[in-house]
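Q: Data: work37.csv, CSV, C-alpha atoms.
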chain,number,residue,atom,x,y,z
O,1,LYS,CA,-137.7,-168.9,-84.6
O,2,ASN,CA,-139.3,-165.6,-83.7
O,3,GLU,CA,-142.8,-165.6,-82.4
O,4,VAL,CA,-143.6,-162.5,-84.6
O,5,GLU,CA,-142.4,-162.1,-88.2
O,6,GLN,CA,-142.8,-158.9,-90.2
O,7,SER,CA,-142.3,-158.3,-93.9
O,8,PRO,CA,-140.9,-156.5,-95.6
O,9,GLN,CA,-138.0,-155.4,-93.4
O,10,ASN,CA,-137.4,-152.3,-95.6
O,11,LEU,CA,-139.8,-150.6,-98.0
O,12,THR,CA,-139.4,-147.6,-100.2
O,13,ALA,CA,-142.4,-146.1,-101.9
O,14,GLN,CA,-143.3,-143.1,-104.0
O,15,GLU,CA,-145.6,-140.6,-102.5
O,16,GLY,CA,-149.2,-141.5,-103.1
O,17,GLU,CA,-148.6,-145.3,-103.3
O,18,PHE,CA,-150.7,-147.8,-101.4
O,19,ILE,CA,-148.5,-149.6,-98.8
O,20,THR,CA,-149.0,-153.0,-97.1
O,21,ILE,CA,-146.9,-154.3,-94.2
O,22,ASN,CA,-147.5,-157.8,-93.0
O,23,CYS,CA,-147.2,-159.5,-89.6
O,24,SER,CA,-147.5,-163.2,-88.9
O,25,TYR,CA,-147.3,-164.8,-85.4
O,26,SER,CA,-147.1,-168.3,-84.1
O,27,VAL,CA,-148.7,-168.1,-80.7
O,28,GLY,CA,-152.2,-167.6,-79.3
O,29,ILE,CA,-152.8,-163.9,-78.6
O,30,SER,CA,-155.2,-161.7,-76.8
O,31,ALA,CA,-154.5,-158.7,-78.9
O,32,LEU,CA,-152.2,-157.4,-81.6
O,33,HIS,CA,-150.7,-153.9,-81.7
O,34,TRP,CA,-149.3,-151.8,-84.5
O,35,LEU,CA,-146.8,-149.2,-83.4
O,36,GLN,CA,-145.0,-146.4,-85.3
O,37,GLN,CA,-141.5,-145.4,-84.3
O,38,HIS,CA,-140.4,-142.0,-85.6
O,39,PRO,CA,-136.8,-141.3,-86.6
O,40,GLY,CA,-136.3,-139.5,-83.3
O,41,GLY,CA,-137.2,-142.6,-81.4
O,42,GLY,CA,-140.7,-141.7,-80.1
O,43,ILE,CA,-143.3,-144.5,-80.3
O,44,VAL,CA,-147.0,-144.0,-81.1
O,45,SER,CA,-149.6,-146.7,-80.9
O,46,LEU,CA,-151.5,-146.9,-84.1
O,47,PHE,CA,-153.9,-149.7,-83.5
O,48,MET,CA,-154.8,-152.4,-81.0
O,49,LEU,CA,-157.0,-155.1,-82.4
O,50,SER,CA,-158.2,-158.6,-81.6
O,51,SER,CA,-160.5,-159.2,-84.5
O,52,GLY,CA,-161.6,-157.7,-87.8
O,53,LYS,CA,-160.5,-154.4,-89.1
O,54,LYS,CA,-159.9,-150.9,-87.8
O,55,LYS,CA,-159.4,-147.6,-89.7
O,56,HIS,CA,-157.9,-144.3,-88.7
O,57,GLY,CA,-157.6,-141.8,-91.5
O,58,ARG,CA,-155.4,-143.2,-94.1
O,59,LEU,CA,-154.4,-146.2,-92.0
O,60,ILE,CA,-156.2,-149.5,-92.0
O,61,ALA,CA,-155.3,-152.6,-89.9
O,62,THR,CA,-156.8,-156.0,-90.4
O,63,ILE,CA,-156.3,-159.2,-88.5
O,64,ASN,CA,-157.2,-162.9,-89.2
O,65,ILE,CA,-157.1,-164.8,-86.0
O,66,GLN,CA,-157.4,-168.2,-87.7
O,67,GLU,CA,-154.5,-167.6,-90.0
O,68,LYS,CA,-152.5,-165.7,-87.3
O,69,HIS,CA,-151.9,-162.8,-89.6
O,70,SER,CA,-152.3,-159.1,-89.6
O,71,SER,CA,-151.7,-156.4,-92.2
O,72,LEU,CA,-151.2,-152.6,-91.9
O,73,HIS,CA,-152.2,-150.6,-95.0
O,74,ILE,CA,-151.4,-147.0,-95.7
O,75,THR,CA,-153.4,-145.4,-98.4
O,76,ALA,CA,-152.1,-142.3,-100.4
O,77,SER,CA,-148.7,-142.5,-98.6
O,78,HIS,CA,-146.9,-139.3,-97.7
O,79,PRO,CA,-143.3,-138.6,-96.8
O,80,ARG,CA,-144.4,-137.9,-93.2
O,81,ASP,CA,-145.4,-141.6,-93.0
O,82,SER,CA,-141.7,-142.5,-93.1
O,83,ALA,CA,-141.0,-144.4,-89.9
O,84,VAL,CA,-140.5,-147.8,-88.5
O,85,TYR,CA,-143.7,-149.8,-88.1
O,86,ILE,CA,-143.7,-152.5,-85.4
O,87,CYS,CA,-146.1,-155.3,-84.9
O,88,ALA,CA,-146.5,-156.6,-81.3
O,89,VAL,CA,-148.6,-159.4,-79.9
O,90,ASP,CA,-150.0,-159.5,-76.4
O,91,ILE,CA,-150.0,-163.0,-74.9
O,92,ALA,CA,-152.7,-163.3,-72.4
O,93,GLY,CA,-150.8,-163.3,-69.1
O,94,ASN,CA,-147.6,-161.5,-69.0
O,95,GLN,CA,-145.7,-161.3,-72.2
O,96,PHE,CA,-145.4,-159.3,-75.3
O,97,TYR,CA,-143.5,-160.3,-78.4
O,98,PHE,CA,-142.4,-157.8,-81.0
O,99,GLY,CA,-141.5,-158.0,-84.6
O,100,THR,CA,-138.2,-156.6,-85.8
O,101,GLY,CA,-140.0,-153.7,-87.6
O,102,THR,CA,-140.5,-152.5,-91.1
O,103,SER,CA,-138.6,-149.4,-92.1
O,104,LEU,CA,-140.7,-147.3,-94.5
O,105,THR,CA,-139.3,-144.5,-96.6
O,106,VAL,CA,-141.8,-142.5,-98.7
O,107,ILE,CA,-140.1,-140.4,-101.4
O,108,PRO,CA,-141.7,-137.2,-102.6
U,1,GLY,CA,-153.6,-133.5,-70.9
U,2,ALA,CA,-150.1,-134.7,-69.8
U,3,GLY,CA,-148.7,-137.7,-71.5
U,4,VAL,CA,-146.4,-140.4,-70.0
U,5,SER,CA,-143.2,-138.8,-68.7
U,6,GLN,CA,-139.9,-140.5,-67.9
U,7,SER,CA,-136.9,-139.3,-66.0
U,8,PRO,CA,-134.1,-138.8,-66.5
U,9,SER,CA,-134.1,-138.5,-70.3
U,10,ASN,CA,-130.4,-139.5,-70.4
U,11,LYS,CA,-128.3,-141.3,-67.8
U,12,VAL,CA,-124.6,-142.1,-68.1
U,13,THR,CA,-123.3,-144.3,-65.3
U,14,GLU,CA,-120.2,-146.3,-64.6
U,15,LYS,CA,-120.2,-150.1,-64.7
U,16,GLY,CA,-121.1,-151.5,-61.3
U,17,LYS,CA,-123.3,-148.5,-60.1
U,18,ASP,CA,-127.0,-148.7,-59.4
U,19,VAL,CA,-129.5,-146.7,-61.4
U,20,GLU,CA,-133.1,-145.8,-60.9
U,21,LEU,CA,-135.4,-144.9,-63.8
U,22,ARG,CA,-138.8,-143.3,-63.2
U,23,CYS,CA,-142.0,-143.4,-65.1
U,24,ASP,CA,-145.1,-141.2,-64.5
U,25,PRO,CA,-148.1,-142.7,-66.4
U,26,ILE,CA,-151.1,-140.9,-67.5
U,27,SER,CA,-153.4,-140.2,-64.6
U,28,GLY,CA,-156.1,-143.0,-64.2
U,29,HIS,CA,-154.2,-145.5,-66.3
U,30,THR,CA,-154.2,-148.8,-64.4
U,31,ALA,CA,-151.8,-150.7,-66.6
U,32,LEU,CA,-148.1,-149.8,-66.9
U,33,TYR,CA,-145.4,-151.4,-69.0
U,34,TRP,CA,-141.6,-151.3,-69.2
U,35,TYR,CA,-139.8,-152.1,-72.3
U,36,ARG,CA,-136.1,-152.0,-73.4
U,37,GLN,CA,-134.7,-151.2,-76.8
U,38,ARG,CA,-131.0,-151.8,-77.4
U,39,LEU,CA,-129.3,-149.7,-80.1
U,40,GLY,CA,-130.3,-150.9,-83.5
U,41,GLN,CA,-132.5,-153.7,-82.1
U,42,GLY,CA,-136.2,-154.3,-81.5
U,43,LEU,CA,-138.3,-153.8,-78.5
U,44,GLU,CA,-138.1,-156.2,-75.5
U,45,PHE,CA,-140.9,-156.5,-72.9
U,46,LEU,CA,-139.6,-156.3,-69.3
U,47,ILE,CA,-142.6,-156.1,-67.0
U,48,TYR,CA,-146.3,-155.2,-66.7
U,49,PHE,CA,-148.1,-153.7,-63.7
U,50,GLN,CA,-151.9,-153.9,-63.2
U,51,GLY,CA,-152.4,-151.4,-60.5
U,52,ASN,CA,-149.5,-151.8,-58.1
U,53,SER,CA,-149.0,-155.5,-58.8
U,54,ALA,CA,-146.7,-157.1,-61.3
U,55,PRO,CA,-148.2,-160.6,-61.8
U,56,ASP,CA,-145.1,-162.0,-63.5
U,57,LYS,CA,-141.5,-160.7,-63.3
U,58,SER,CA,-140.0,-163.4,-65.5
U,59,GLY,CA,-139.4,-160.8,-68.3
U,60,LEU,CA,-136.8,-159.0,-66.3
U,61,PRO,CA,-133.4,-159.8,-67.8
U,62,SER,CA,-131.7,-160.7,-64.6
U,63,ASP,CA,-132.0,-160.5,-60.8
U,64,ARG,CA,-130.2,-157.2,-61.0
U,65,PHE,CA,-133.4,-155.7,-62.4
U,66,SER,CA,-136.4,-154.8,-60.2
U,67,ALA,CA,-139.4,-152.7,-60.6
U,68,GLU,CA,-142.1,-151.3,-58.4
U,69,ARG,CA,-145.2,-149.2,-58.7
U,70,THR,CA,-146.9,-147.2,-55.9
U,71,GLY,CA,-150.3,-145.5,-55.6
U,72,GLU,CA,-151.3,-146.9,-59.0
U,73,SER,CA,-149.1,-144.1,-60.4
U,74,VAL,CA,-145.4,-143.7,-60.5
U,75,SER,CA,-143.2,-146.7,-61.3
U,76,THR,CA,-139.4,-147.1,-60.9
U,77,LEU,CA,-137.2,-149.5,-62.6
U,78,THR,CA,-134.0,-150.2,-60.7
U,79,ILE,CA,-130.9,-151.8,-62.2
U,80,GLN,CA,-128.2,-152.8,-59.7
U,81,ARG,CA,-124.6,-153.3,-60.5
U,82,THR,CA,-125.0,-152.1,-64.0
U,83,GLN,CA,-123.2,-153.8,-66.9
U,84,GLN,CA,-122.4,-152.5,-70.3
U,85,GLU,CA,-125.1,-154.8,-71.9
U,86,ASP,CA,-127.7,-152.8,-69.9
U,87,SER,CA,-127.1,-149.8,-72.2
U,88,ALA,CA,-130.3,-149.2,-74.0
U,89,VAL,CA,-133.4,-146.9,-74.2
U,90,TYR,CA,-135.8,-147.9,-71.5
U,91,LEU,CA,-139.4,-147.1,-72.4
U,92,CYS,CA,-142.5,-146.9,-70.3
U,93,ALA,CA,-146.1,-147.0,-71.5
U,94,SER,CA,-149.5,-146.9,-69.8
U,95,SER,CA,-153.0,-147.7,-70.8
U,96,LYS,CA,-156.4,-147.4,-69.2
U,97,ASP,CA,-156.8,-151.1,-69.3
U,98,ARG,CA,-154.6,-153.8,-70.8
U,99,VAL,CA,-157.3,-155.7,-72.5
U,100,ILE,CA,-159.1,-153.1,-74.5
U,101,ASN,CA,-157.1,-149.9,-74.6
U,102,GLU,CA,-154.1,-148.8,-76.6
U,103,GLN,CA,-150.8,-148.0,-74.9
U,104,TYR,CA,-149.3,-144.5,-74.6
U,105,PHE,CA,-145.5,-144.4,-74.7
U,106,GLY,CA,-143.2,-142.1,-72.8
U,107,PRO,CA,-140.1,-140.6,-74.5
U,108,GLY,CA,-137.8,-143.1,-72.9
U,109,THR,CA,-134.6,-142.9,-70.8
U,110,ARG,CA,-131.4,-143.5,-72.7
U,111,LEU,CA,-129.0,-145.4,-70.4
U,112,THR,CA,-125.3,-145.6,-71.2
U,113,VAL,CA,-123.1,-147.7,-69.0
U,114,THR,CA,-119.4,-146.9,-69.4
Represent the structure from my file as structure tokens, please.
A:
Amino acid sequence: KNEVEQSPQNLTAQEGEFITINCSYSVGISALHWLQQHPGGGIVSLFMLSSGKKKHGRLIATINIQEKHSSLHITASHPRDSAVYICAVDIAGNQFYFGTGTSLTVIP
Amino acid sequence: GAGVSQSPSNKVTEKGKDVELRCDPISGHTALYWYRQRLGQGLEFLIYFQGNSAPDKSGLPSDRFSAERTGESVSTLTIQRTQQEDSAVYLCASSKDRVINEQYFGPGTRLTVT
């Protein structure tokens, strides 16, 4: 069993649609990260959160510590949002666990 | 300002040879991380430095792997007696502080062991 489960694995959306990617984890964490990996391989950190909700532009991330669940929302999706989105959890101490990623394709 | 840089960007080596991968973090970032991503697979955590110390090296895949950091700056990941299963992209990231700050990723070193 993976410590971090993401869903869906693959997602295709029409431009403008509202998108939700889910992440569930089974261990106690100190923080949760959402990462974006572009088709060329580069990785960008989108959010780091340990409680509540954060918003950057069209991206919103929420976390429910009691339910061990986080969601990443993209409003008004655009083809440039096409990427792999990765959930990662930081275990206090010295370990990170990663989800397998959600591959998002936004069609014009 | 400059981001996280890694060198070399690509490395092809023969099985059994040693390789050294370098990471230059953002200046002032005390936390540094090494990750590995095999082709078509997810990210794996290897090791974390706070300053020059790695509190726990248990994430390193085998005793052929070692890492060090000096001057709270550059870090090197060394793989001895490389094997084909070591082929992967090795990514470095840094952050101001592990607890409250996001990580900035380098472009990675693509290692191919033939």
Q: Pick the closest to Ser51 in chain O from O:Asn94, O:Tyr25, O:Lys68, O:Val84: which is it, counting all atoms listed in the file?
A: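 Closest residue, counting all atoms listed in the file: O:Lys68.
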Q: Would you mind listing, as a PDB file with C-alpha atoms, in the frame of the given file, all residues of chain U that have at least one atom within 8 Å of chain O, where only C-alpha atoms are what counts?
A:
ATOM      1  CA  GLN U  41    -132.500-153.700 -82.100  1.00  0.00           C
ATOM      2  CA  GLY U  42    -136.200-154.300 -81.500  1.00  0.00           C
ATOM      3  CA  LEU U  43    -138.300-153.800 -78.500  1.00  0.00           C
ATOM      4  CA  GLU U  44    -138.100-156.200 -75.500  1.00  0.00           C
ATOM      5  CA  PHE U  45    -140.900-156.500 -72.900  1.00  0.00           C
ATOM      6  CA  ILE U  47    -142.600-156.100 -67.000  1.00  0.00           C
ATOM      7  CA  TYR U  48    -146.300-155.200 -66.700  1.00  0.00           C
ATOM      8  CA  PRO U  55    -148.200-160.600 -61.800  1.00  0.00           C
ATOM      9  CA  ASP U  56    -145.100-162.000 -63.500  1.00  0.00           C
ATOM     10  CA  GLY U  59    -139.400-160.800 -68.300  1.00  0.00           C
ATOM     11  CA  VAL U  99    -157.300-155.700 -72.500  1.00  0.00           C
ATOM     12  CA  ILE U 100    -159.100-153.100 -74.500  1.00  0.00           C
ATOM     13  CA  ASN U 101    -157.100-149.900 -74.600  1.00  0.00           C
ATOM     14  CA  GLU U 102    -154.100-148.800 -76.600  1.00  0.00           C
ATOM     15  CA  GLN U 103    -150.800-148.000 -74.900  1.00  0.00           C
ATOM     16  CA  TYR U 104    -149.300-144.500 -74.600  1.00  0.00           C
ATOM     17  CA  PHE U 105    -145.500-144.400 -74.700  1.00  0.00           C
ATOM     18  CA  GLY U 106    -143.200-142.100 -72.800  1.00  0.00           C
ATOM     19  CA  PRO U 107    -140.100-140.600 -74.500  1.00  0.00           C
ATOM     20  CA  GLY U 108    -137.800-143.100 -72.900  1.00  0.00           C
TER      21      GLY U 108
END
Q: Of the candidates U:Ile79, U:Val4, U:Leu91, U:Gly51, which shows the shortest atom-to-atom distance to Arg36 in chain U, using only C-alpha atoms?
A: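 Between U:Ile79, U:Val4, U:Leu91, U:Gly51, the residue approaching Arg36 in chain U most closely is U:Leu91.
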Q: Taking all atoms listed in the file into account, name the residue in U:Ser94, U:Ser87, U:Gln6, U:Ser73 that is nearest to Gln37 in chain U.
A: U:Ser87
Q: Would you list the residues near (-130.7, -142.8, -73.9) (no more than 8 Å away, in the coordinates of the file, using all atoms listed in the file) as a tab-separated table (two decimals) with C-alpha atoms, in the frame of the given file?
A:
chain	number	residue	atom	x	y	z
U	9	SER	CA	-134.10	-138.50	-70.30
U	10	ASN	CA	-130.40	-139.50	-70.40
U	11	LYS	CA	-128.30	-141.30	-67.80
U	88	ALA	CA	-130.30	-149.20	-74.00
U	89	VAL	CA	-133.40	-146.90	-74.20
U	90	TYR	CA	-135.80	-147.90	-71.50
U	108	GLY	CA	-137.80	-143.10	-72.90
U	109	THR	CA	-134.60	-142.90	-70.80
U	110	ARG	CA	-131.40	-143.50	-72.70
U	111	LEU	CA	-129.00	-145.40	-70.40
U	112	THR	CA	-125.30	-145.60	-71.20
Q: Please indicate the distance in Å from CA of Gln36 in chain O to CA of Gly40 in chain U, rounded to one decimal place.
A: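 Straight-line distance from CA of Gln36 in chain O to CA of Gly40 in chain U works out to 15.5 Å.
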Q: Any idea what the distance is between CA of Leu32 in chain U and CA of Ala93 in chain U?
A: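 So the answer is 5.7 Å.
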Q: Write out as a list in words which residues come within 9 Å of Val27 in chain O when counting only C-alpha atoms, dropping same-chain ones fewer than 5 positions away.
A: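 Once the adjacent positions are removed, what remains is Glu3, Val4, Lys68, Val89 and Ile91 of chain O.
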Q: Could the residues in this selection be written to a file with C-alpha atoms, as a PDB file, keeping the file's coordinate frame?
A:
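Here's the written file selection_36.pdb:
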ATOM      1  CA  GLU O   3    -142.800-165.600 -82.400  1.00  0.00           C
ATOM      2  CA  VAL O   4    -143.600-162.500 -84.600  1.00  0.00           C
ATOM      3  CA  LYS O  68    -152.500-165.700 -87.300  1.00  0.00           C
ATOM      4  CA  VAL O  89    -148.600-159.400 -79.900  1.00  0.00           C
ATOM      5  CA  ILE O  91    -150.000-163.000 -74.900  1.00  0.00           C
TER       6      ILE O  91
END
Q: Kindly add N, CA and C atoms to the incomplete range 10-38 of chain O and provide the output as a compact mmCIF listing (two decimals), keeping the file's coordinate frame.
A:
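Okay, this is what ended up in rebuild-v5.txt:
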# COMPACT_ATOMS: atom_id res chain seq x y z
N ASN O 10 -137.62 -153.70 -95.08
CA ASN O 10 -137.40 -152.30 -95.60
C ASN O 10 -138.36 -152.13 -96.76
N LEU O 11 -138.85 -150.91 -96.89
CA LEU O 11 -139.80 -150.60 -98.00
C LEU O 11 -139.61 -149.15 -98.37
N THR O 12 -139.43 -148.95 -99.65
CA THR O 12 -139.40 -147.60 -100.20
C THR O 12 -140.51 -147.43 -101.17
N ALA O 13 -141.23 -146.34 -101.03
CA ALA O 13 -142.40 -146.10 -101.90
C ALA O 13 -142.40 -144.67 -102.38
N GLN O 14 -143.05 -144.46 -103.49
CA GLN O 14 -143.30 -143.10 -104.00
C GLN O 14 -144.50 -142.52 -103.31
N GLU O 15 -144.45 -141.24 -103.09
CA GLU O 15 -145.60 -140.60 -102.50
C GLU O 15 -146.88 -140.90 -103.25
N GLY O 16 -147.92 -141.22 -102.52
CA GLY O 16 -149.20 -141.50 -103.10
C GLY O 16 -149.46 -143.03 -103.27
N GLU O 17 -148.43 -143.84 -103.15
CA GLU O 17 -148.60 -145.30 -103.30
C GLU O 17 -149.36 -145.89 -102.13
N PHE O 18 -149.99 -147.02 -102.42
CA PHE O 18 -150.70 -147.80 -101.40
C PHE O 18 -149.63 -148.81 -100.83
N ILE O 19 -149.54 -148.84 -99.50
CA ILE O 19 -148.50 -149.60 -98.80
C ILE O 19 -149.13 -150.70 -97.96
N THR O 20 -148.54 -151.88 -97.98
CA THR O 20 -149.00 -153.00 -97.10
C THR O 20 -147.78 -153.52 -96.34
N ILE O 21 -147.92 -153.65 -95.04
CA ILE O 21 -146.90 -154.30 -94.20
C ILE O 21 -147.61 -155.47 -93.52
N ASN O 22 -146.92 -156.61 -93.53
CA ASN O 22 -147.50 -157.80 -93.00
C ASN O 22 -146.86 -158.31 -91.73
N CYS O 23 -147.68 -158.98 -90.92
CA CYS O 23 -147.20 -159.50 -89.60
C CYS O 23 -147.84 -160.89 -89.44
N SER O 24 -146.99 -161.87 -89.20
CA SER O 24 -147.50 -163.20 -88.90
C SER O 24 -146.94 -163.61 -87.52
N TYR O 25 -147.74 -164.36 -86.79
CA TYR O 25 -147.30 -164.80 -85.40
C TYR O 25 -147.66 -166.23 -85.23
N SER O 26 -147.00 -166.81 -84.26
CA SER O 26 -147.10 -168.30 -84.10
C SER O 26 -147.71 -168.70 -82.80
N VAL O 27 -148.16 -167.73 -81.99
CA VAL O 27 -148.70 -168.10 -80.70
C VAL O 27 -150.11 -167.55 -80.55
N GLY O 28 -150.84 -168.10 -79.57
CA GLY O 28 -152.20 -167.60 -79.30
C GLY O 28 -152.06 -166.22 -78.64
N ILE O 29 -152.91 -165.29 -79.08
CA ILE O 29 -152.80 -163.90 -78.60
C ILE O 29 -154.12 -163.43 -78.05
N SER O 30 -154.03 -162.40 -77.21
CA SER O 30 -155.20 -161.70 -76.80
C SER O 30 -155.44 -160.42 -77.57
N ALA O 31 -154.38 -159.88 -78.11
CA ALA O 31 -154.50 -158.70 -78.90
C ALA O 31 -153.21 -158.47 -79.73
N LEU O 32 -153.33 -157.69 -80.79
CA LEU O 32 -152.20 -157.40 -81.60
C LEU O 32 -152.10 -155.83 -81.73
N HIS O 33 -150.90 -155.32 -81.63
CA HIS O 33 -150.70 -153.90 -81.70
C HIS O 33 -149.85 -153.54 -82.92
N TRP O 34 -150.17 -152.42 -83.54
CA TRP O 34 -149.30 -151.80 -84.50
C TRP O 34 -148.78 -150.50 -83.94
N LEU O 35 -147.45 -150.37 -83.97
CA LEU O 35 -146.80 -149.20 -83.40
C LEU O 35 -146.01 -148.48 -84.52
N GLN O 36 -145.84 -147.18 -84.34
CA GLN O 36 -145.00 -146.40 -85.30
C GLN O 36 -143.91 -145.74 -84.46
N GLN O 37 -142.68 -145.96 -84.92
CA GLN O 37 -141.50 -145.40 -84.30
C GLN O 37 -140.91 -144.35 -85.20
N HIS O 38 -140.93 -143.09 -84.77
CA HIS O 38 -140.40 -142.00 -85.60
C HIS O 38 -138.90 -142.02 -85.60
